[in-house]
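Please read the structure below before turning to the comments.
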Amino acid sequence: MSVVIRRAVIGLVFACSCLLSLAAAPAQAAATPPQEVVTGWYKLILELVRHTSNYSPPVAARSFGYIGVSAYEAVASGSDNLQSLAGQLNGLKALPAREKGATYDDAVILNTVMEMSVTHFFDRTGPTGQHVMKKMAAKMDEKVSAGLTPDVIARSRDYGQKLSQAVFDWSATDGGASVENMGFPLEYKLSDKPGHWVPTSLIRQQQAPLLPDWGKVRPFAMPTGSSCRLPEPPDYSEKPESAFYKDANEVYTTVKTLTDEQRTIARFWSDDPMLSPTPPGHWINIALIVLDQEKADLPTTVDTLARLGVALSDAFIGCWDTKFVFDLIRPITYIKKVIDPKWDALLITPPFPEYPSGHSTQSGAAAATMTHIFGDKLAFDDSTHAADGIKPRHFANFRAAAEEAAISRLYGGIHFRPAIERGLTQGDCIANYVNALKTKK
């Protein structure tokens, strides 16, 4: 076992043991706050993302979308103030309703929904993850059931199971449920035209791009994957006076002259799969930080996580739609061919086309969604990577975080500036559909 994998497994066990110790606290007469059930499971999810082999950023974002909607609907079904997302999200029809006049417990329903959702969407996680999920479910079930009568527990569990199954059935029809070979097609024809993407890795599996059809997956809130498609990138050219060459030269010179702060920013936002909660998981963790900071109530908690999950999932669908329409070459390929064959990027270039930047699109969408909920003046400290020894970073608002996440890909040598700036714009477009969802009656 490599040092990296060993460290990751130890991290999962340690993090999850901490969560289990909280869930295993002595049963008390007071009911368990339902938002603690939600956030507790989400913290576990962020660890599981690191240890599920097919959890590339688009796949992780999809799961965040369905899990967020499930938790939201669990609460909305018993609220006089929250409105169901059925009929608003694409393909989501009326969901099972609670029995009128019957007594339910939100914490039990939420725990059932979270347990079933995590088990369903992380069915490919490793043995350690499977073990921790079962332990978490048992301990949390014991905690939320304390002080409740058997009929309320049974009725609440039954409803949570029916609601979860309805969401699973819905998710199975979006075109993204099956991911084989970690998302890399076994057969794929590369374009032989100048300026098009070519593999940037020597790994055999990555000689085809990741998830080339992801832009065809059914979105949650935006009408189609092409609803926020971007205009064409700058025309490909190898002439020094061209806009394309100048964009490439900017990447080249920036990486060669990086400051310590720029290196820190690049690595802070790198969020590599299997070594982090992935880029969408980073924004989910920011949401958890802010929800705790603001002492958010249950409706705000589930509304935030649902909207953010939808925004992140739709962002990767929209981004991938544009990526594979234009199939643009990566900076490392162009620079080595045209400018300097000995140049190398700071970060590893992901195995798919360049335009636009996925970090930019998803960060733009996430920031606009979070701003819609909390406003544009809420400052926070992002401690997502504190457990990995990376110092927290302070942001004056969500947009500031999104812009730093976006420019980090220039510092890393992964994207040209148009992909970064236009990616943020695409994220704003996607967030408009998310922010139009009605959750209050």
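Going by the structure tokens order, chains are called A, B, ..., each with residues numbered from 1, while ligands are numbered from 1 in the order shown.
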
Which neighbours of Gln88 in chain A fall inside 9 Å, counting only C-alpha atoms, when residues of the same chain fewer than 4 positions from it are skipped, and could you give them as a ChimeraX atom specification?
-> /A:84,92-93,220-221,437-438

Would you list, as a VMD selection string, the residues of range 379-423 of chain A that end up in strand (DSSP E or B) under DSSP run on this structure's backbone?
-> chain A and resid 380 to 382 393 to 395

Just to be explicit: take each residue in the selection above, keep all heavy atoms, and write the result as a PDB file, in the first residue's frame.
ATOM      1  N   PHE A 380     -16.004  34.407   5.790  1.00  0.00           N
ATOM      2  CA  PHE A 380     -15.808  33.092   6.395  1.00  0.00           C
ATOM      3  C   PHE A 380     -14.369  32.639   6.217  1.00  0.00           C
ATOM      4  O   PHE A 380     -13.643  33.146   5.351  1.00  0.00           O
ATOM      5  CB  PHE A 380     -16.754  32.057   5.773  1.00  0.00           C
ATOM      6  CG  PHE A 380     -16.543  31.826   4.303  1.00  0.00           C
ATOM      7  CD1 PHE A 380     -15.722  30.791   3.841  1.00  0.00           C
ATOM      8  CD2 PHE A 380     -17.141  32.658   3.359  1.00  0.00           C
ATOM      9  CE1 PHE A 380     -15.513  30.597   2.489  1.00  0.00           C
ATOM     10  CE2 PHE A 380     -16.939  32.465   2.000  1.00  0.00           C
ATOM     11  CZ  PHE A 380     -16.125  31.429   1.562  1.00  0.00           C
ATOM     12  N   ASP A 381     -13.970  31.694   7.049  1.00  0.00           N
ATOM     13  CA  ASP A 381     -12.658  31.058   6.933  1.00  0.00           C
ATOM     14  C   ASP A 381     -12.855  29.656   6.381  1.00  0.00           C
ATOM     15  O   ASP A 381     -13.565  28.845   6.970  1.00  0.00           O
ATOM     16  CB  ASP A 381     -11.962  30.990   8.299  1.00  0.00           C
ATOM     17  CG  ASP A 381     -11.563  32.361   8.818  1.00  0.00           C
ATOM     18  OD1 ASP A 381     -11.164  33.212   8.001  1.00  0.00           O
ATOM     19  OD2 ASP A 381     -11.665  32.599  10.045  1.00  0.00           O
ATOM     20  N   ASP A 382     -12.208  29.388   5.277  1.00  0.00           N
ATOM     21  CA  ASP A 382     -12.321  28.081   4.623  1.00  0.00           C
ATOM     22  C   ASP A 382     -11.240  27.151   5.178  1.00  0.00           C
ATOM     23  O   ASP A 382     -10.066  27.249   4.815  1.00  0.00           O
ATOM     24  CB  ASP A 382     -12.177  28.254   3.110  1.00  0.00           C
ATOM     25  CG  ASP A 382     -12.284  26.939   2.354  1.00  0.00           C
ATOM     26  OD1 ASP A 382     -12.467  25.888   2.996  1.00  0.00           O
ATOM     27  OD2 ASP A 382     -12.177  26.968   1.111  1.00  0.00           O
ATOM     28  N   ARG A 393      -8.044  29.625   4.692  1.00  0.00           N
ATOM     29  CA  ARG A 393      -7.956  30.894   3.998  1.00  0.00           C
ATOM     30  C   ARG A 393      -9.220  31.699   4.277  1.00  0.00           C
ATOM     31  O   ARG A 393     -10.318  31.133   4.355  1.00  0.00           O
ATOM     32  CB  ARG A 393      -7.770  30.687   2.491  1.00  0.00           C
ATOM     33  CG  ARG A 393      -6.424  30.047   2.161  1.00  0.00           C
ATOM     34  CD  ARG A 393      -6.173  29.984   0.662  1.00  0.00           C
ATOM     35  NE  ARG A 393      -6.058  31.302   0.038  1.00  0.00           N
ATOM     36  CZ  ARG A 393      -4.955  32.042   0.083  1.00  0.00           C
ATOM     37  NH1 ARG A 393      -3.885  31.623   0.746  1.00  0.00           N
ATOM     38  NH2 ARG A 393      -4.929  33.217  -0.530  1.00  0.00           N
ATOM     39  N   HIS A 394      -9.059  32.997   4.430  1.00  0.00           N
ATOM     40  CA  HIS A 394     -10.170  33.895   4.757  1.00  0.00           C
ATOM     41  C   HIS A 394     -10.707  34.548   3.489  1.00  0.00           C
ATOM     42  O   HIS A 394      -9.945  34.967   2.616  1.00  0.00           O
ATOM     43  CB  HIS A 394      -9.712  34.983   5.732  1.00  0.00           C
ATOM     44  CG  HIS A 394     -10.805  35.945   6.093  1.00  0.00           C
ATOM     45  ND1 HIS A 394     -11.787  35.636   7.007  1.00  0.00           N
ATOM     46  CD2 HIS A 394     -11.081  37.203   5.635  1.00  0.00           C
ATOM     47  CE1 HIS A 394     -12.617  36.667   7.116  1.00  0.00           C
ATOM     48  NE2 HIS A 394     -12.214  37.621   6.292  1.00  0.00           N
ATOM     49  N   PHE A 395     -12.043  34.621   3.412  1.00  0.00           N
ATOM     50  CA  PHE A 395     -12.685  35.249   2.258  1.00  0.00           C
ATOM     51  C   PHE A 395     -13.747  36.233   2.733  1.00  0.00           C
ATOM     52  O   PHE A 395     -14.504  35.947   3.661  1.00  0.00           O
ATOM     53  CB  PHE A 395     -13.311  34.195   1.348  1.00  0.00           C
ATOM     54  CG  PHE A 395     -12.294  33.255   0.759  1.00  0.00           C
ATOM     55  CD1 PHE A 395     -12.115  31.987   1.283  1.00  0.00           C
ATOM     56  CD2 PHE A 395     -11.492  33.664  -0.298  1.00  0.00           C
ATOM     57  CE1 PHE A 395     -11.158  31.135   0.762  1.00  0.00           C
ATOM     58  CE2 PHE A 395     -10.533  32.818  -0.832  1.00  0.00           C
ATOM     59  CZ  PHE A 395     -10.360  31.552  -0.296  1.00  0.00           C
TER      60      PHE A 395
END

Contacts of Ala287 in chain A within 8 Å, only C-alpha atoms, excl. fewer than 4 positions in-chain, as a list of chain:residue names = A:Trp283, A:Leu291, A:Thr304, A:Leu305, A:Met370

Store the residues picked out above in a file with C-alpha atoms, as a CSV table (one decimal), in the first residue's frame.
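See out.csv below for the written result:
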chain,number,residue,atom,x,y,z
A,283,TRP,CA,-17.9,23.9,-1.7
A,291,LEU,CA,-24.1,26.8,8.3
A,304,THR,CA,-28.8,25.4,1.4
A,305,LEU,CA,-27.5,21.9,0.8
A,370,MET,CA,-24.7,30.8,-1.6

At a cut-off of 9 Å, can you tabulate as a tab-separated table every residue of range 202-286 of chain A near range 333-343 of chain A together with its closest atom pair and the distance in Å to one decimal, using only C-alpha atoms and ordering rows by chain then number?
residue	atom	partner	partner_atom	distance
A:Glu238	CA	A:Val338	CA	6.7
A:Tyr245	CA	A:Val338	CA	8.7
A:Ala248	CA	A:Ile335	CA	6.6
A:Asn249	CA	A:Ile335	CA	7.6
A:Val251	CA	A:Ile335	CA	8.6
A:Tyr252	CA	A:Ile335	CA	6.9
A:Lys256	CA	A:Trp343	CA	8.4

Just the selected residues (all heavy atoms), exported as a compact mmCIF listing (two decimals), in the first residue's frame, please.
# COMPACT_ATOMS: atom_id res chain seq x y z
N GLU A 238 -0.87 29.19 -33.79
CA GLU A 238 0.48 29.06 -33.25
C GLU A 238 1.33 30.29 -33.56
O GLU A 238 2.53 30.31 -33.28
CB GLU A 238 1.13 27.79 -33.79
CG GLU A 238 0.39 26.52 -33.36
CD GLU A 238 1.00 25.25 -33.91
OE1 GLU A 238 2.09 25.32 -34.52
OE2 GLU A 238 0.39 24.17 -33.73
N TYR A 245 -1.93 32.37 -28.80
CA TYR A 245 -0.53 32.30 -28.36
C TYR A 245 -0.31 33.15 -27.12
O TYR A 245 0.37 32.73 -26.17
CB TYR A 245 0.40 32.75 -29.48
CG TYR A 245 1.87 32.61 -29.15
CD1 TYR A 245 2.61 31.52 -29.61
CD2 TYR A 245 2.53 33.58 -28.39
CE1 TYR A 245 3.96 31.38 -29.30
CE2 TYR A 245 3.88 33.46 -28.08
CZ TYR A 245 4.58 32.35 -28.54
OH TYR A 245 5.92 32.24 -28.23
N ALA A 248 -1.60 31.45 -24.07
CA ALA A 248 -0.71 30.37 -23.69
C ALA A 248 0.57 30.90 -23.05
O ALA A 248 1.07 30.35 -22.07
CB ALA A 248 -0.37 29.51 -24.91
N ASN A 249 1.09 31.98 -23.61
CA ASN A 249 2.31 32.57 -23.07
C ASN A 249 2.08 33.11 -21.66
O ASN A 249 3.00 33.10 -20.83
CB ASN A 249 2.80 33.69 -23.99
CG ASN A 249 4.24 34.08 -23.69
OD1 ASN A 249 5.13 33.22 -23.68
ND2 ASN A 249 4.47 35.36 -23.44
N VAL A 251 0.10 31.72 -19.43
CA VAL A 251 0.21 30.55 -18.57
C VAL A 251 1.67 30.18 -18.37
O VAL A 251 2.13 29.90 -17.25
CB VAL A 251 -0.58 29.36 -19.16
CG1 VAL A 251 -0.42 28.12 -18.27
CG2 VAL A 251 -2.05 29.70 -19.33
N TYR A 252 2.40 30.17 -19.46
CA TYR A 252 3.82 29.80 -19.44
C TYR A 252 4.63 30.71 -18.49
O TYR A 252 5.34 30.23 -17.60
CB TYR A 252 4.37 29.90 -20.86
CG TYR A 252 5.87 29.73 -20.98
CD1 TYR A 252 6.47 28.50 -20.74
CD2 TYR A 252 6.67 30.81 -21.36
CE1 TYR A 252 7.85 28.34 -20.86
CE2 TYR A 252 8.04 30.66 -21.50
CZ TYR A 252 8.64 29.42 -21.24
OH TYR A 252 9.99 29.28 -21.35
N LYS A 256 6.21 30.03 -14.50
CA LYS A 256 7.66 30.15 -14.32
C LYS A 256 8.03 31.19 -13.26
O LYS A 256 9.15 31.17 -12.72
CB LYS A 256 8.32 30.53 -15.65
CG LYS A 256 8.42 29.39 -16.65
CD LYS A 256 9.04 29.84 -17.97
CE LYS A 256 10.52 30.20 -17.81
NZ LYS A 256 11.36 29.01 -17.56

So how far away is CA of Asp314 in chain A from CA of Lys216 in chain A, in Å?
-> 11.0 Å

Wanna dump the range 257-299 of chain A-range 67-75 of chain A contacts at 12 Å for me, each residue with its shortest atom pair and the distance in Å to one decimal, counting only C-alpha atoms, ordered by chain and number, as CSV?
residue,atom,partner,partner_atom,distance
A:Ile284,CA,A:Gly68,CA,10.3
A:Asp297,CA,A:Val75,CA,11.7
A:Leu298,CA,A:Val75,CA,8.1
A:Pro299,CA,A:Val75,CA,7.3

Go ahead and write the selection's residues with C-alpha atoms as a CSV table (one decimal), in the first residue's frame.
chain,number,residue,atom,x,y,z
A,284,ILE,CA,-20.1,21.5,0.3
A,297,ASP,CA,-31.9,26.3,11.6
A,298,LEU,CA,-33.2,23.1,9.9
A,299,PRO,CA,-35.0,24.7,7.0

Contacts of Leu186 in chain A at 12 Å or less, counting only C-alpha atoms, minus same-chain residues fewer than 6 places along, as a ChimeraX atom specification?
-> /A:179-180,204-212

Pick from A:Val49, A:Leu89, A:Leu82, A:Ala402 nearest to Asp123 in chain A, counting only C-alpha atoms |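 Ranked by minimum distance to Asp123 in chain A, first place goes to A:Val49.
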
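Those residues that approach Leu190 in chain A to within 12 Å, counting only C-alpha atoms, are Pro185, Glu187, Tyr188, Asp192, Lys193, Pro194, Gly195, His196, Trp197, Val198, Pro199, Gln207, Ala208, Pro209, Pro212, Phe324, Asp327, Leu328, Ile329, Phe352 and Pro353 of chain A; same-chain residues fewer than 2 positions away are not listed.
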
What does the file look like for those residues with N, CA, C and O atoms, as a PDB file, in the first residue's frame?
ATOM      1  N   PRO A 185     -14.168   6.052 -21.423  1.00  0.00           N
ATOM      2  CA  PRO A 185     -14.705   5.136 -22.435  1.00  0.00           C
ATOM      3  C   PRO A 185     -13.636   4.173 -22.954  1.00  0.00           C
ATOM      4  O   PRO A 185     -12.471   4.550 -23.118  1.00  0.00           O
ATOM      5  N   GLU A 187     -13.679   2.884 -25.880  1.00  0.00           N
ATOM      6  CA  GLU A 187     -13.419   3.258 -27.272  1.00  0.00           C
ATOM      7  C   GLU A 187     -13.729   4.740 -27.446  1.00  0.00           C
ATOM      8  O   GLU A 187     -14.780   5.217 -27.007  1.00  0.00           O
ATOM      9  N   TYR A 188     -12.813   5.455 -28.053  1.00  0.00           N
ATOM     10  CA  TYR A 188     -13.014   6.893 -28.258  1.00  0.00           C
ATOM     11  C   TYR A 188     -12.106   7.353 -29.393  1.00  0.00           C
ATOM     12  O   TYR A 188     -10.910   7.043 -29.402  1.00  0.00           O
ATOM     13  N   ASP A 192      -8.067  14.682 -35.054  1.00  0.00           N
ATOM     14  CA  ASP A 192      -6.710  14.899 -35.548  1.00  0.00           C
ATOM     15  C   ASP A 192      -6.517  16.329 -36.058  1.00  0.00           C
ATOM     16  O   ASP A 192      -5.507  16.667 -36.675  1.00  0.00           O
ATOM     17  N   LYS A 193      -7.489  17.198 -35.749  1.00  0.00           N
ATOM     18  CA  LYS A 193      -7.396  18.579 -36.187  1.00  0.00           C
ATOM     19  C   LYS A 193      -6.568  19.398 -35.198  1.00  0.00           C
ATOM     20  O   LYS A 193      -6.599  19.142 -33.992  1.00  0.00           O
ATOM     21  N   PRO A 194      -5.831  20.382 -35.665  1.00  0.00           N
ATOM     22  CA  PRO A 194      -5.017  21.223 -34.774  1.00  0.00           C
ATOM     23  C   PRO A 194      -5.884  21.933 -33.732  1.00  0.00           C
ATOM     24  O   PRO A 194      -6.994  22.379 -34.028  1.00  0.00           O
ATOM     25  N   GLY A 195      -5.365  21.999 -32.518  1.00  0.00           N
ATOM     26  CA  GLY A 195      -6.067  22.719 -31.466  1.00  0.00           C
ATOM     27  C   GLY A 195      -7.027  21.888 -30.649  1.00  0.00           C
ATOM     28  O   GLY A 195      -7.607  22.386 -29.681  1.00  0.00           O
ATOM     29  N   HIS A 196      -7.200  20.634 -31.036  1.00  0.00           N
ATOM     30  CA  HIS A 196      -8.117  19.771 -30.286  1.00  0.00           C
ATOM     31  C   HIS A 196      -7.374  19.000 -29.201  1.00  0.00           C
ATOM     32  O   HIS A 196      -6.154  18.828 -29.247  1.00  0.00           O
ATOM     33  N   TRP A 197      -8.151  18.528 -28.240  1.00  0.00           N
ATOM     34  CA  TRP A 197      -7.574  17.855 -27.071  1.00  0.00           C
ATOM     35  C   TRP A 197      -6.836  16.580 -27.460  1.00  0.00           C
ATOM     36  O   TRP A 197      -7.311  15.809 -28.301  1.00  0.00           O
ATOM     37  N   VAL A 198      -5.707  16.391 -26.818  1.00  0.00           N
ATOM     38  CA  VAL A 198      -4.978  15.127 -26.894  1.00  0.00           C
ATOM     39  C   VAL A 198      -4.645  14.721 -25.466  1.00  0.00           C
ATOM     40  O   VAL A 198      -4.564  15.572 -24.566  1.00  0.00           O
ATOM     41  N   PRO A 199      -4.474  13.440 -25.192  1.00  0.00           N
ATOM     42  CA  PRO A 199      -4.188  12.986 -23.827  1.00  0.00           C
ATOM     43  C   PRO A 199      -2.950  13.669 -23.249  1.00  0.00           C
ATOM     44  O   PRO A 199      -1.959  13.903 -23.952  1.00  0.00           O
ATOM     45  N   GLN A 207      -6.119   7.637 -21.942  1.00  0.00           N
ATOM     46  CA  GLN A 207      -5.910   7.997 -23.346  1.00  0.00           C
ATOM     47  C   GLN A 207      -7.223   8.389 -24.004  1.00  0.00           C
ATOM     48  O   GLN A 207      -7.250   8.871 -25.136  1.00  0.00           O
ATOM     49  N   ALA A 208      -8.299   8.187 -23.292  1.00  0.00           N
ATOM     50  CA  ALA A 208      -9.610   8.723 -23.662  1.00  0.00           C
ATOM     51  C   ALA A 208     -10.008   9.713 -22.574  1.00  0.00           C
ATOM     52  O   ALA A 208      -9.585   9.594 -21.428  1.00  0.00           O
ATOM     53  N   PRO A 209     -10.816  10.727 -22.894  1.00  0.00           N
ATOM     54  CA  PRO A 209     -11.181  11.731 -21.898  1.00  0.00           C
ATOM     55  C   PRO A 209     -12.234  11.229 -20.912  1.00  0.00           C
ATOM     56  O   PRO A 209     -13.006  10.314 -21.210  1.00  0.00           O
ATOM     57  N   PRO A 212     -17.033  11.765 -21.549  1.00  0.00           N
ATOM     58  CA  PRO A 212     -17.319  12.640 -22.702  1.00  0.00           C
ATOM     59  C   PRO A 212     -18.800  12.910 -22.938  1.00  0.00           C
ATOM     60  O   PRO A 212     -19.141  13.896 -23.596  1.00  0.00           O
ATOM     61  N   PHE A 324     -16.913  19.452 -24.516  1.00  0.00           N
ATOM     62  CA  PHE A 324     -16.846  18.484 -25.600  1.00  0.00           C
ATOM     63  C   PHE A 324     -17.437  18.987 -26.909  1.00  0.00           C
ATOM     64  O   PHE A 324     -17.314  18.330 -27.935  1.00  0.00           O
ATOM     65  N   ASP A 327     -13.771  20.899 -27.471  1.00  0.00           N
ATOM     66  CA  ASP A 327     -12.689  19.904 -27.428  1.00  0.00           C
ATOM     67  C   ASP A 327     -11.306  20.562 -27.500  1.00  0.00           C
ATOM     68  O   ASP A 327     -10.438  20.145 -28.263  1.00  0.00           O
ATOM     69  N   LEU A 328     -11.087  21.592 -26.671  1.00  0.00           N
ATOM     70  CA  LEU A 328      -9.888  22.421 -26.805  1.00  0.00           C
ATOM     71  C   LEU A 328      -8.652  21.802 -26.155  1.00  0.00           C
ATOM     72  O   LEU A 328      -8.721  21.179 -25.098  1.00  0.00           O
ATOM     73  N   ILE A 329      -7.519  22.037 -26.811  1.00  0.00           N
ATOM     74  CA  ILE A 329      -6.214  21.573 -26.348  1.00  0.00           C
ATOM     75  C   ILE A 329      -5.863  22.182 -24.984  1.00  0.00           C
ATOM     76  O   ILE A 329      -6.260  23.304 -24.663  1.00  0.00           O
ATOM     77  N   PHE A 352      -9.201  15.674 -19.637  1.00  0.00           N
ATOM     78  CA  PHE A 352     -10.353  16.052 -20.460  1.00  0.00           C
ATOM     79  C   PHE A 352     -10.103  17.438 -21.032  1.00  0.00           C
ATOM     80  O   PHE A 352      -9.181  18.139 -20.598  1.00  0.00           O
ATOM     81  N   PRO A 353     -10.897  17.872 -22.017  1.00  0.00           N
ATOM     82  CA  PRO A 353     -10.633  19.134 -22.712  1.00  0.00           C
ATOM     83  C   PRO A 353     -10.600  20.360 -21.789  1.00  0.00           C
ATOM     84  O   PRO A 353     -11.134  20.341 -20.672  1.00  0.00           O
TER      85      PRO A 353
END

Ala367 in chain A surroundings by only C-alpha atoms, 8 Å radius, close-in-sequence under 5 positions cut, as a PyMOL selection string = chain A and resi 398-399+401-402

Would you mind listing what lies within 7 Å of range 262-273 of chain A as JSON, numbers by chain, with only C-alpha atoms counted and same-chain residues fewer than 5 positions away left out?
-> {"A": [50, 56, 278, 279, 405, 408, 409, 411, 412]}

When DSSP works through the backbone of this structure, what residues of range 134-306 of chain A end up as alpha helix (DSSP H), shown as JSON, numbers by chain?
-> {"A": [134, 135, 136, 137, 138, 139, 140, 141, 142, 143, 144, 145, 150, 151, 152, 153, 154, 155, 156, 157, 158, 159, 160, 161, 162, 163, 164, 165, 166, 167, 168, 169, 170, 171, 243, 244, 245, 246, 247, 248, 249, 250, 251, 252, 253, 254, 255, 256, 260, 261, 262, 263, 264, 265, 266, 267, 268, 278, 279, 280, 281, 282, 283, 284, 285, 286, 287, 288, 289, 290, 291, 292, 293, 298, 299, 300, 301, 302, 303, 304, 305, 306]}

Top pick for closest residue to Lys246 in chain A, considering A:Lys100, A:Asn397, A:Pro34, A:Arg417 and counting only C-alpha atoms =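 With only C-alpha atoms as the atom set, the closest residue is A:Arg417.
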
Selected residue of minimal separation from Ser145 in chain A among A:Ala107, A:Leu95, A:Ile332, A:Val38, counting only C-alpha atoms | A:Ala107

Tell me which of A:His282, A:Arg124, A:Arg62, A:Arg98 sits closest to Gly78 in chain A, counting only C-alpha atoms.
->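 Nearest to Gly78 in chain A: A:Arg98.
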